[in-house]
Amino acid sequence: MIPYLNFKYVVWVLCVLCIATQLRAQGTTPPTDTSKAAPKPKQVRPGFDLPDSLYISRDTTRGDIDTIVRYTAKDSTVFDIARKRMTLVNTATVQFENRDMKAYTIVMDFEQNTLTAYSYDVDSVISASLALRRRIIRDTNRVKSRGAPILQEGATTYVGEVIVYNFKTRRGTVQLGTTEMEGGFYYGEKIKQVAPQTLFVENGRYTTCDEPVPHYYFESPKMKVIMGDLVFAEPVYLYVADVPIFALPFGVFPNHSGGRHSGIIAPNYQTTGDRGYGLTHLGYYVVFNDYFDAAAQADIFTKGGWNADFKTEWMKRYLLSGPATLHLGYGYTRFNSVDPYTPNWLVEGTLPSLILGYETQLNANLSFQSNGYFQNNALNLQQLLTQQITSNASFTTGWSDLGLNLGVGYSRFQQLSDGTYTETSPSLTFSKSTFFPFASSNGEPVDPTLASLAIGYNLSASRNVAKNLSIVNGDSSFYNTEQYGVLHSPTISISPKLGHFAITPSFSYQEAWVFKQHRRNYSATLVPDSANHTVDTIVNYTETSTDGFHRIYNYNMGVGISTT
């Protein structure tokens with residue numbers, strides 16, 4: 001039986017239910033099969049669905065609460081008329097206003113205006129030994145196995161062993177409770193709601209670790225939580241693996257309910273066989289305005305070694321197509337307390353489509369780092385498996401009225417496994433679109449042969465640098481190579497017509513400017529072999545490089561004739 005209950009007329013509802021119970025006992029009503037699923041709740045409207053005799057006297061009873069409550073119970077609903085109580089047993093649910101309560105047992109006291117929810121074996125759980133464990137352990141299965149009370153209040157969920165809520169004062173308490181807010185978990189031996197958005201927590205703990213037994217947590221005997229604003233604690237202890245690390249006389253932490261906000265970044269606890277125990281990503285996040293924020297984080301390990309990390313983002317609508325970012329990292333790594341430190345560093349930056357003018361745009365996606373940075377400070381599996389990184393940057397502009405375009409580029413390809421890289425810094429392109437110098441611009445007649453003369457120009461220049469690895473007799477060493485040059489590519493075409501014949505001469509020309517000349521000199525040595533009566537020839541060569549200005553060019557000419 002699942003009615004809708006209005007507390008203003010609750011006494012008369014209870015009387016009707018009592019009469020119905022007696023009629024059922026006399027056989028006038030068929031017995032209810034409790035093994036089936038509970039029927040859909042139905043609202044009872046006092047004065048309309050009740051007998052007239054009860055309806056006439058409804059105004060003589062006044063309640064302190066005027067709200068509609070929906071409730072269900074899988075096993076039984078027990079009414080105590082004398083004590084004005086109703087008890088829901090086994091998979092009990094109560095819904096009122098924006099709150100939803102679920103528990104194994106729920107007791108509604110109409111005289112005290114309270115709602116109390118219990119788990120199946122609450123007495124054993126609240127015993128001293130288990131109570132201490134329950135403050136530390138978040139048992140994710142107790143809701144299903146023992147029907148632990150769950151109070152859903154808007155977007156906030158409270159889970160505990162005993163939950164008491166007062167309808168009149170709109171206050172409640174949770175014993176041995178937990179709640180989740182913004183990715184963090186609050187534990188409390190006793191959580192008391194003193195205002196709609198204010199909680200007092202006794203022997204409370206806070207952590208961002210989602211394990212049932214958290215690896216780390218902050219603990220305080222007294223905490224005040226203002227939802228959507230701040231958390232006050234006095235004093236504060238940081239525990240790692242249940243071992244206290246440091247203490248503060250008091251702490252104030254942000255507890256915003258959504259959006260971007262400044263605050264402490266809670267650390268993660270990490271255990272590694274190579275570097276020992278560690279706290280990772282402890283830091284602070286700052287929001288300067290709607291377009292600019294930054295975060296600073298740090299890692300530290302017991303076997304030595306640390307890493308500092310800084311990230312910032314800036315965004316401006318209509319100026320950037322995405323956020324501009326800067327990421328800096330630096331630290332030292334070692335895997336044994338007697339080993340020397342190995343430095344690691346990282347510099348990354350992105351500038352997506354910075355619009356500097358109608359035809360001017362700048363793009364950049366740069367990444368530079370030491371070979372072991374990701375392997376020692378990876379945040380995810382993808383970074384740990386990264387073997388190659390690529391950097392690109394480009395600047396383009398143009399003068400469309402003149403037919404001119406200019407582009408400057410940069411690219412770098414780094415191999416993290418051996419430290420080699422190839423780099424183009426910079427590359428330059430310049431072009432003049434094809435134009436007809438003798439074509440008429442105002443409609444005046446011109447010679448058709450001259451009007452068909454077209455001229456264009458393209459220029460490309462680059463500087464290429466490479467760091468190469470050389471292995472000789474098991475010894476490895478690095479050496480650098482460098483190449484740079486300029487390539488000119490003018491174009492010219494003309495299409496004269498002789499009667500029914502169209503003559504199409506072709507001409508192409510390219511000229512490269514280079515600034516270093518490499519010359520290879522050969523020398524031969526004759527070595528006679530008297531035993532075999534033969535002569536062996538050994539060829540040696542040497543290379544020399546000279547700086548200077550050198551031109552390399554080629555051209556092609558041809559002519560074609562066609563007719564219609």
# chains A, B, ... in the order shown; residues from 1 in each chain; ligands from 1

call {"tool": "residues_around", "arguments": {"residues": "Arg551 of chain A", "least_positions_apart": "4", "cutoff": "10 Å", "atoms": "only C-alpha atoms", "output": "list in words"}}
result
Val486, Leu487, Glu511, Ala512, Trp513, Val514 and Phe515 of chain A

call {"tool": "residues_around", "arguments": {"residues": "Asn289 of chain A", "least_positions_apart": "2", "cutoff": "12 Å", "atoms": "only C-alpha atoms", "output": "number ranges by chain"}}
result
A: 260-262, 286-287, 291-294, 313-316

call {"tool": "residues_around", "arguments": {"residues": "segment 359-376 of chain A", "least_positions_apart": "5", "cutoff": "6 Å", "atoms": "only C-alpha atoms", "output": "MDAnalysis selection string"}}
result
chainID A and resid 344:354 383:384 391:398 416

call {"tool": "closest_atom_pairs", "arguments": {"of": "segment 162-262 of chain A", "to": "segment 269-284 of chain A", "cutoff": "8 Å", "atoms": "only C-alpha atoms", "output": "Markdown table"}}
result
| residue | atom | partner | partner_atom | distance |
| --- | --- | --- | --- | --- |
| A:His215 | CA | A:Tyr269 | CA | 6.0 |
| A:Tyr216 | CA | A:Tyr269 | CA | 6.2 |
| A:Val240 | CA | A:Tyr269 | CA | 7.1 |
| A:Ser262 | CA | A:Tyr284 | CA | 7.5 |

call {"tool": "residues_around", "arguments": {"residues": "Leu453 of chain A", "least_positions_apart": "4", "cutoff": "12 Å", "atoms": "only C-alpha atoms", "output": "ChimeraX atom specification"}}
result
/A:434-440,446-449,491-496,504-506

call {"tool": "select_by_dssp", "arguments": {"residues": "segment 314-455 of chain A", "states": "strand (DSSP E)", "output": "number ranges by chain"}}
result
A: 314, 324-333, 342-355, 361-369, 388-399, 404-415, 421-435, 454-455

call {"tool": "residues_around", "arguments": {"residues": "Ala103 of chain A", "least_positions_apart": "4", "cutoff": "8 Å", "atoms": "only C-alpha atoms", "output": "count of residues only"}}
result
11

call {"tool": "closest_residue", "arguments": {"among": "A:Thr179, A:Thr537, A:Ser470, A:Thr342", "to": "Gln152 of chain A", "atoms": "only C-alpha atoms"}}
result
A:Thr179

call {"tool": "select_by_dssp", "arguments": {"residues": "segment 326-511 of chain A", "states": "alpha helix (DSSP H)", "output": "count of residues only"}}
result
13

call {"tool": "closest_residue", "arguments": {"among": "A:Met227, A:Leu459, A:Ala241, A:Val89", "to": "Thr156 of chain A", "atoms": "only C-alpha atoms"}}
result
A:Met227

call {"tool": "residues_around", "arguments": {"residues": "Gly172 of chain A", "least_positions_apart": "4", "cutoff": "8 Å", "atoms": "only C-alpha atoms", "output": "PyMOL selection string"}}
result
chain A and resi 163-166+192-194

call {"tool": "closest_residue", "arguments": {"among": "A:Tyr104, A:Phe246, A:Tyr553, A:Phe501", "to": "Glu161 of chain A", "atoms": "only C-alpha atoms"}}
result
A:Tyr104
